[in-house]
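To be precise, the following lines are upload_0.cif, and they hold mmCIF, C-alpha atoms, pLDDT in the B column; chains and numbers go by the auth columns.
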data_model
loop_
_atom_site.group_PDB
_atom_site.id
_atom_site.type_symbol
_atom_site.label_atom_id
_atom_site.label_comp_id
_atom_site.label_asym_id
_atom_site.label_seq_id
_atom_site.Cartn_x
_atom_site.Cartn_y
_atom_site.Cartn_z
_atom_site.B_iso_or_equiv
_atom_site.auth_seq_id
_atom_site.auth_asym_id
ATOM 1 C CA MET A 1 49.133 59.326 117.879 84.00 208 A
ATOM 2 C CA ASN A 2 50.395 62.374 119.703 88.00 209 A
ATOM 3 C CA LEU A 3 52.086 62.426 123.102 89.00 210 A
ATOM 4 C CA ALA A 4 48.972 63.466 125.040 90.00 211 A
ATOM 5 C CA GLU A 5 46.937 60.600 123.532 91.00 212 A
ATOM 6 C CA PHE A 6 49.753 58.170 124.292 92.00 213 A
ATOM 7 C CA HIS A 7 50.004 59.245 127.949 90.00 214 A
ATOM 8 C CA GLN A 8 46.235 59.041 128.290 90.00 215 A
ATOM 9 C CA GLN A 9 46.144 55.459 126.984 90.00 216 A
ATOM 10 C CA ILE A 10 49.028 54.423 129.239 91.00 217 A
ATOM 11 C CA SER A 11 47.596 56.057 132.356 87.00 218 A
ATOM 12 C CA ASN A 12 44.031 54.792 131.778 86.00 219 A
ATOM 13 C CA ALA A 13 45.107 51.200 131.103 86.00 220 A
ATOM 14 C CA GLY A 14 44.662 50.007 134.689 88.00 221 A
ATOM 15 C CA ARG A 15 47.290 47.320 134.091 92.00 222 A
ATOM 16 C CA PRO A 16 50.843 47.057 132.776 94.00 223 A
ATOM 17 C CA VAL A 17 51.340 48.021 129.131 94.00 224 A
ATOM 18 C CA VAL A 18 53.584 46.638 126.393 94.00 225 A
ATOM 19 C CA VAL A 19 54.138 49.195 123.634 95.00 226 A
ATOM 20 C CA ASP A 20 55.444 48.107 120.234 96.00 227 A
ATOM 21 C CA PHE A 21 56.909 50.897 118.109 95.00 228 A
ATOM 22 C CA TRP A 22 56.769 49.565 114.541 94.00 229 A
ATOM 23 C CA ALA A 23 56.424 50.647 110.915 94.00 230 A
ATOM 24 C CA ALA A 24 54.871 48.922 107.906 93.00 231 A
ATOM 25 C CA TRP A 25 58.110 49.211 105.883 94.00 232 A
ATOM 26 C CA CYS A 26 60.251 47.636 108.650 92.00 233 A
ATOM 27 C CA VAL A 27 61.065 43.984 107.871 92.00 234 A
ATOM 28 C CA PRO A 28 62.030 43.023 111.469 91.00 235 A
ATOM 29 C CA CYS A 29 58.759 44.631 112.609 92.00 236 A
ATOM 30 C CA ARG A 30 56.820 42.349 110.271 93.00 237 A
ATOM 31 C CA VAL A 31 58.618 39.361 111.795 92.00 238 A
ATOM 32 C CA THR A 32 57.963 40.359 115.413 93.00 239 A
ATOM 33 C CA LYS A 33 54.397 41.631 114.958 94.00 240 A
ATOM 34 C CA PRO A 34 52.735 38.164 114.869 95.00 241 A
ATOM 35 C CA ILE A 35 54.764 37.070 117.909 95.00 242 A
ATOM 36 C CA LEU A 36 53.757 40.123 119.910 95.00 243 A
ATOM 37 C CA GLU A 37 50.107 39.848 118.855 95.00 244 A
ATOM 38 C CA LYS A 38 50.030 36.184 119.892 96.00 245 A
ATOM 39 C CA LEU A 39 51.487 37.035 123.300 95.00 246 A
ATOM 40 C CA ALA A 40 49.156 40.024 123.628 94.00 247 A
ATOM 41 C CA HIS A 41 46.210 37.688 123.131 95.00 248 A
ATOM 42 C CA ARG A 42 47.599 35.165 125.638 95.00 249 A
ATOM 43 C CA TYR A 43 48.183 37.838 128.322 94.00 250 A
ATOM 44 C CA SER A 44 45.202 40.070 127.443 92.00 251 A
ATOM 45 C CA ASP A 45 43.650 39.715 130.890 93.00 252 A
ATOM 46 C CA ARG A 46 46.811 40.977 132.667 93.00 253 A
ATOM 47 C CA VAL A 47 48.706 43.142 130.157 94.00 254 A
ATOM 48 C CA LEU A 48 47.560 45.720 127.616 94.00 255 A
ATOM 49 C CA PHE A 49 49.318 45.613 124.245 95.00 256 A
ATOM 50 C CA LEU A 50 49.591 48.911 122.391 95.00 257 A
ATOM 51 C CA PRO A 51 51.089 48.964 118.878 95.00 258 A
ATOM 52 C CA VAL A 52 52.286 52.443 117.879 95.00 259 A
ATOM 53 C CA ASP A 53 52.992 53.238 114.223 95.00 260 A
ATOM 54 C CA ALA A 54 56.339 55.035 114.254 93.00 261 A
ATOM 55 C CA ASP A 55 55.518 56.952 111.072 93.00 262 A
ATOM 56 C CA GLN A 56 52.345 58.402 112.612 93.00 263 A
ATOM 57 C CA SER A 57 53.733 59.131 116.104 92.00 264 A
ATOM 58 C CA ARG A 58 56.908 61.184 115.762 92.00 265 A
ATOM 59 C CA GLU A 59 56.232 63.175 118.934 94.00 266 A
ATOM 60 C CA VAL A 60 56.016 59.987 121.036 93.00 267 A
ATOM 61 C CA LEU A 61 59.185 58.570 119.480 93.00 268 A
ATOM 62 C CA GLU A 62 61.096 61.775 120.162 92.00 269 A
ATOM 63 C CA HIS A 63 59.854 61.943 123.756 92.00 270 A
ATOM 64 C CA PHE A 64 61.072 58.398 124.518 91.00 271 A
ATOM 65 C CA ARG A 65 64.180 58.713 122.312 89.00 272 A
ATOM 66 C CA VAL A 66 63.218 55.794 120.101 91.00 273 A
ATOM 67 C CA ILE A 67 65.835 55.778 117.349 88.00 274 A
ATOM 68 C CA GLY A 68 65.461 52.228 116.060 88.00 275 A
ATOM 69 C CA ILE A 69 62.519 49.985 115.381 91.00 276 A
ATOM 70 C CA PRO A 70 61.159 47.630 116.364 92.00 277 A
ATOM 71 C CA THR A 71 61.384 48.968 119.904 93.00 278 A
ATOM 72 C CA VAL A 72 59.266 47.390 122.617 93.00 279 A
ATOM 73 C CA MET A 73 58.785 49.346 125.837 93.00 280 A
ATOM 74 C CA THR A 74 57.011 48.178 128.972 92.00 281 A
ATOM 75 C CA PHE A 75 55.158 50.466 131.372 92.00 282 A
ATOM 76 C CA ARG A 76 53.908 49.867 134.885 90.00 283 A
ATOM 77 C CA ASN A 77 51.848 52.601 136.577 87.00 284 A
ATOM 78 C CA GLY A 78 52.799 54.959 133.752 86.00 285 A
ATOM 79 C CA ASP A 79 56.550 54.485 134.258 87.00 286 A
ATOM 80 C CA VAL A 80 58.940 52.818 131.805 88.00 287 A
ATOM 81 C CA VAL A 81 60.171 49.560 133.351 87.00 288 A
ATOM 82 C CA GLY A 82 61.728 47.888 130.315 85.00 289 A
ATOM 83 C CA ARG A 83 62.915 48.572 126.813 87.00 290 A
ATOM 84 C CA VAL A 84 64.320 46.448 124.011 86.00 291 A
ATOM 85 C CA THR A 85 65.298 47.591 120.534 85.00 292 A
ATOM 86 C CA GLY A 86 65.590 45.123 117.692 84.00 293 A
ATOM 87 C CA ALA A 87 63.861 41.865 116.929 84.00 294 A
ATOM 88 C CA ARG A 88 63.747 39.113 119.555 84.00 295 A
ATOM 89 C CA ASN A 89 62.489 35.568 119.448 84.00 296 A
ATOM 90 C CA GLU A 90 59.236 34.470 121.037 87.00 297 A
ATOM 91 C CA SER A 91 60.831 33.244 124.266 84.00 298 A
ATOM 92 C CA GLY A 92 62.474 36.640 124.814 84.00 299 A
ATOM 93 C CA TYR A 93 59.204 38.504 124.364 90.00 300 A
ATOM 94 C CA ARG A 94 57.312 35.905 126.423 90.00 301 A
ATOM 95 C CA ALA A 95 59.693 36.497 129.358 87.00 302 A
ATOM 96 C CA LEU A 96 58.991 40.219 129.052 88.00 303 A
ATOM 97 C CA PHE A 97 55.193 39.735 129.087 91.00 304 A
ATOM 98 C CA GLU A 98 55.405 37.203 131.930 90.00 305 A
ATOM 99 C CA ALA A 99 57.536 39.434 134.161 89.00 306 A
ATOM 100 C CA LEU A 100 55.287 42.403 133.525 88.00 307 A
ATOM 101 C CA ALA A 101 52.098 40.413 134.157 88.00 308 A
ATOM 102 C CA ASN A 102 53.449 38.981 137.423 87.00 309 A
ATOM 103 C CA GLY A 103 54.687 42.321 138.749 83.00 310 A
ATOM 104 C CA GLU A 104 58.300 41.176 138.599 80.00 311 A
ATOM 105 C CA ARG A 105 61.307 43.201 137.522 76.00 312 A
ATOM 106 C CA VAL A 106 61.434 43.348 133.738 74.00 313 A
ATOM 107 C CA GLU A 107 64.886 42.328 132.545 70.00 314 A
ATOM 108 C CA ILE A 108 65.700 41.918 128.912 68.00 315 A
ATOM 109 C CA ARG A 109 68.752 39.789 128.388 70.00 316 A
ATOM 110 C CA ILE A 110 70.436 38.692 125.209 73.00 317 A
ATOM 111 C CA SER A 111 70.376 34.984 124.457 73.00 318 A
ATOM 112 C CA THR A 112 73.374 32.785 125.235 79.00 319 A
ATOM 113 C CA PHE A 113 73.877 32.145 121.523 81.00 320 A
ATOM 114 C CA ASP A 114 73.923 35.886 120.743 81.00 321 A
ATOM 115 C CA ARG A 115 76.272 36.533 123.652 82.00 322 A
ATOM 116 C CA MET A 116 78.748 33.858 122.521 88.00 323 A
ATOM 117 C CA LEU A 117 78.508 35.006 118.909 88.00 324 A
ATOM 118 C CA ARG A 118 79.335 38.584 119.901 86.00 325 A
ATOM 119 C CA LEU A 119 82.201 37.554 122.165 90.00 326 A
ATOM 120 C CA GLY A 120 83.680 35.239 119.528 92.00 327 A
ATOM 121 C CA ALA A 121 83.340 37.720 116.677 92.00 328 A
ATOM 122 C CA GLY A 122 84.766 40.523 118.790 91.00 329 A
ATOM 123 C CA LEU A 123 87.772 38.477 119.825 93.00 330 A
ATOM 124 C CA LEU A 124 88.323 37.451 116.212 94.00 331 A
ATOM 125 C CA PHE A 125 88.213 41.066 115.028 92.00 332 A
ATOM 126 C CA ALA A 126 90.566 42.149 117.804 93.00 333 A
ATOM 127 C CA ALA A 127 93.031 39.333 117.060 94.00 334 A
ATOM 128 C CA VAL A 128 93.061 40.042 113.320 94.00 335 A
ATOM 129 C CA GLY A 129 93.496 43.726 114.054 93.00 336 A
ATOM 130 C CA PHE A 130 96.333 43.066 116.476 93.00 337 A
ATOM 131 C CA PHE A 131 98.228 40.817 114.085 93.00 338 A
ATOM 132 C CA THR A 132 97.715 43.114 111.084 94.00 339 A
ATOM 133 C CA ASN A 133 98.501 46.208 113.137 93.00 340 A
ATOM 134 C CA SER A 134 95.054 47.657 112.410 92.00 341 A
ATOM 135 C CA TRP A 135 93.972 49.452 115.546 92.00 342 A
ATOM 136 C CA LEU A 136 90.627 50.229 113.956 93.00 343 A
ATOM 137 C CA LEU A 137 89.870 46.479 113.866 93.00 344 A
ATOM 138 C CA VAL A 138 91.100 46.108 117.457 93.00 345 A
ATOM 139 C CA GLY A 139 88.728 48.887 118.509 92.00 346 A
ATOM 140 C CA ALA A 140 85.835 47.386 116.560 92.00 347 A
ATOM 141 C CA GLY A 141 86.579 44.018 118.155 91.00 348 A
ATOM 142 C CA GLY A 142 86.559 45.598 121.603 90.00 349 A
ATOM 143 C CA LEU A 143 83.205 47.227 120.891 88.00 350 A
ATOM 144 C CA ILE A 144 81.723 43.927 119.688 88.00 351 A
ATOM 145 C CA VAL A 145 83.053 42.148 122.799 88.00 352 A
ATOM 146 C CA PHE A 146 81.431 44.852 124.945 86.00 353 A
ATOM 147 C CA LEU A 147 78.123 44.187 123.181 81.00 354 A
ATOM 148 C CA GLY A 148 78.435 40.612 124.424 82.00 355 A
ATOM 149 C CA PHE A 149 78.286 41.573 128.101 79.00 356 A
ATOM 150 C CA TYR A 150 76.992 45.149 128.327 75.00 357 A
ATOM 151 C CA ASP A 151 73.840 43.977 130.108 71.00 358 A
ATOM 152 C CA HIS A 152 76.002 42.868 133.062 72.00 359 A
ATOM 153 C CA CYS A 153 78.038 46.087 133.241 72.00 360 A
ATOM 154 C CA PRO A 154 77.073 48.350 136.191 77.00 361 A
ATOM 155 C CA VAL A 155 78.650 51.425 134.588 77.00 362 A
ATOM 156 C CA TRP A 156 76.603 50.898 131.410 71.00 363 A
ATOM 157 C CA LYS A 157 73.422 50.423 133.480 72.00 364 A
ATOM 158 C CA ALA A 158 74.046 53.712 135.287 76.00 365 A
ATOM 159 C CA ILE A 159 74.771 55.617 132.074 74.00 366 A
ATOM 160 C CA SER A 160 71.838 54.155 130.148 69.00 367 A
ATOM 161 C CA GLY A 161 69.535 54.795 133.104 67.00 368 A
ATOM 162 C CA ILE A 162 70.489 58.456 133.043 70.00 369 A
ATOM 163 C CA LEU A 163 70.054 58.692 129.267 65.00 370 A
ATOM 164 C CA HIS A 164 66.610 57.049 129.288 56.00 371 A
ATOM 165 C CA THR A 165 65.236 59.329 131.985 52.00 372 A
ATOM 166 C CA ARG A 166 66.083 62.577 130.206 49.00 373 A
#
Show this structure as structure tokens.
Amino acid sequence: MNLAEFHQQISNAGRPVVVDFWAAWCVPCRVTKPILEKLAHRYSDRVLFLPVDADQSREVLEHFRVIGIPTVMTFRNGDVVGRVTGARNESGYRALFEALANGERVEIRISTFDRMLRLGAGLLFAAVGFFTNSWLLVGAGGLIVFLGFYDHCPVWKAISGILHTR
């Protein structure tokens, strides 16, 4: 699919659109595909589901700066209103479909388990790095801790908003 075809499908949908960028060789894509198809069927009267093969749609991927798959993007009135890269569980995708279908703000949050795992692992890395005098491990730990709360960081939201609109 080229960019013109993609924009035509999005603009002619007449309802919000969930786009799944996937590839046949991508293992996480094969895990999320049945979940997304199930939700697409459940919300078919209110949301259009559009799977896009990443290998056949390079121009679309480049336009939206999709660098990892699976990536799920949500569109309302032709505008991107949500984006998540990486596999999620059914409840995470269901929340995305539900918010989009109800006209609510689409927010994609990491699960509490994932958040705690990232915070714990990051603190562990930082502590080991501090006690072994390895500043590389301290830095890696700090980055992992940041990944545990980045979705609450206003500076990150501003920066990522700028990057996604270019």
Identify, on the basis of only C-alpha atoms, every residue whose closest approach to Glu314 (chain A) does not exceed 9 Å; exclude the query and any residue fewer than 6 positions from it along the same chain; express the result as a PyMOL selection string. chain A and resi 288-290+302-303+306
Would you translate the PyMOL selection byres ((chain A and resi 247-250) around 10) into the concrete set of residues it matches in this file, as a ChimeraX atom specification? /A:224-225,241-246,251-257,301,304-305,307-308
Using only C-alpha atoms, which residue out of A:Cys360, A:Arg322, A:Val352, A:Asp262 lies closest to Ala334 (chain A)?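 Closest to Ala334 (chain A) of all the choices is A:Val352.
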Interatomic distance, CA of Asn340 (chain A) to CA of Tyr357 (chain A) (Å, one decimal): 26.4 Å
Residues selected by the PyMOL selection byres ((chain A and resi 283) around 9), written as a list in words: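 When the PyMOL selection byres ((chain A and resi 283) around 9) is applied, the selected residues are Ile217, Arg222, Pro223, Val224, Thr281, Phe282, Asn284, Gly285, Asp286, Val287, Val288, Leu307 and Gly310 of chain A.
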Between CA of Val279 (chain A) and CA of Tyr300 (chain A) - distance in Å to one decimal: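 CA of Val279 (chain A) lies 9.1 Å from CA of Tyr300 (chain A).
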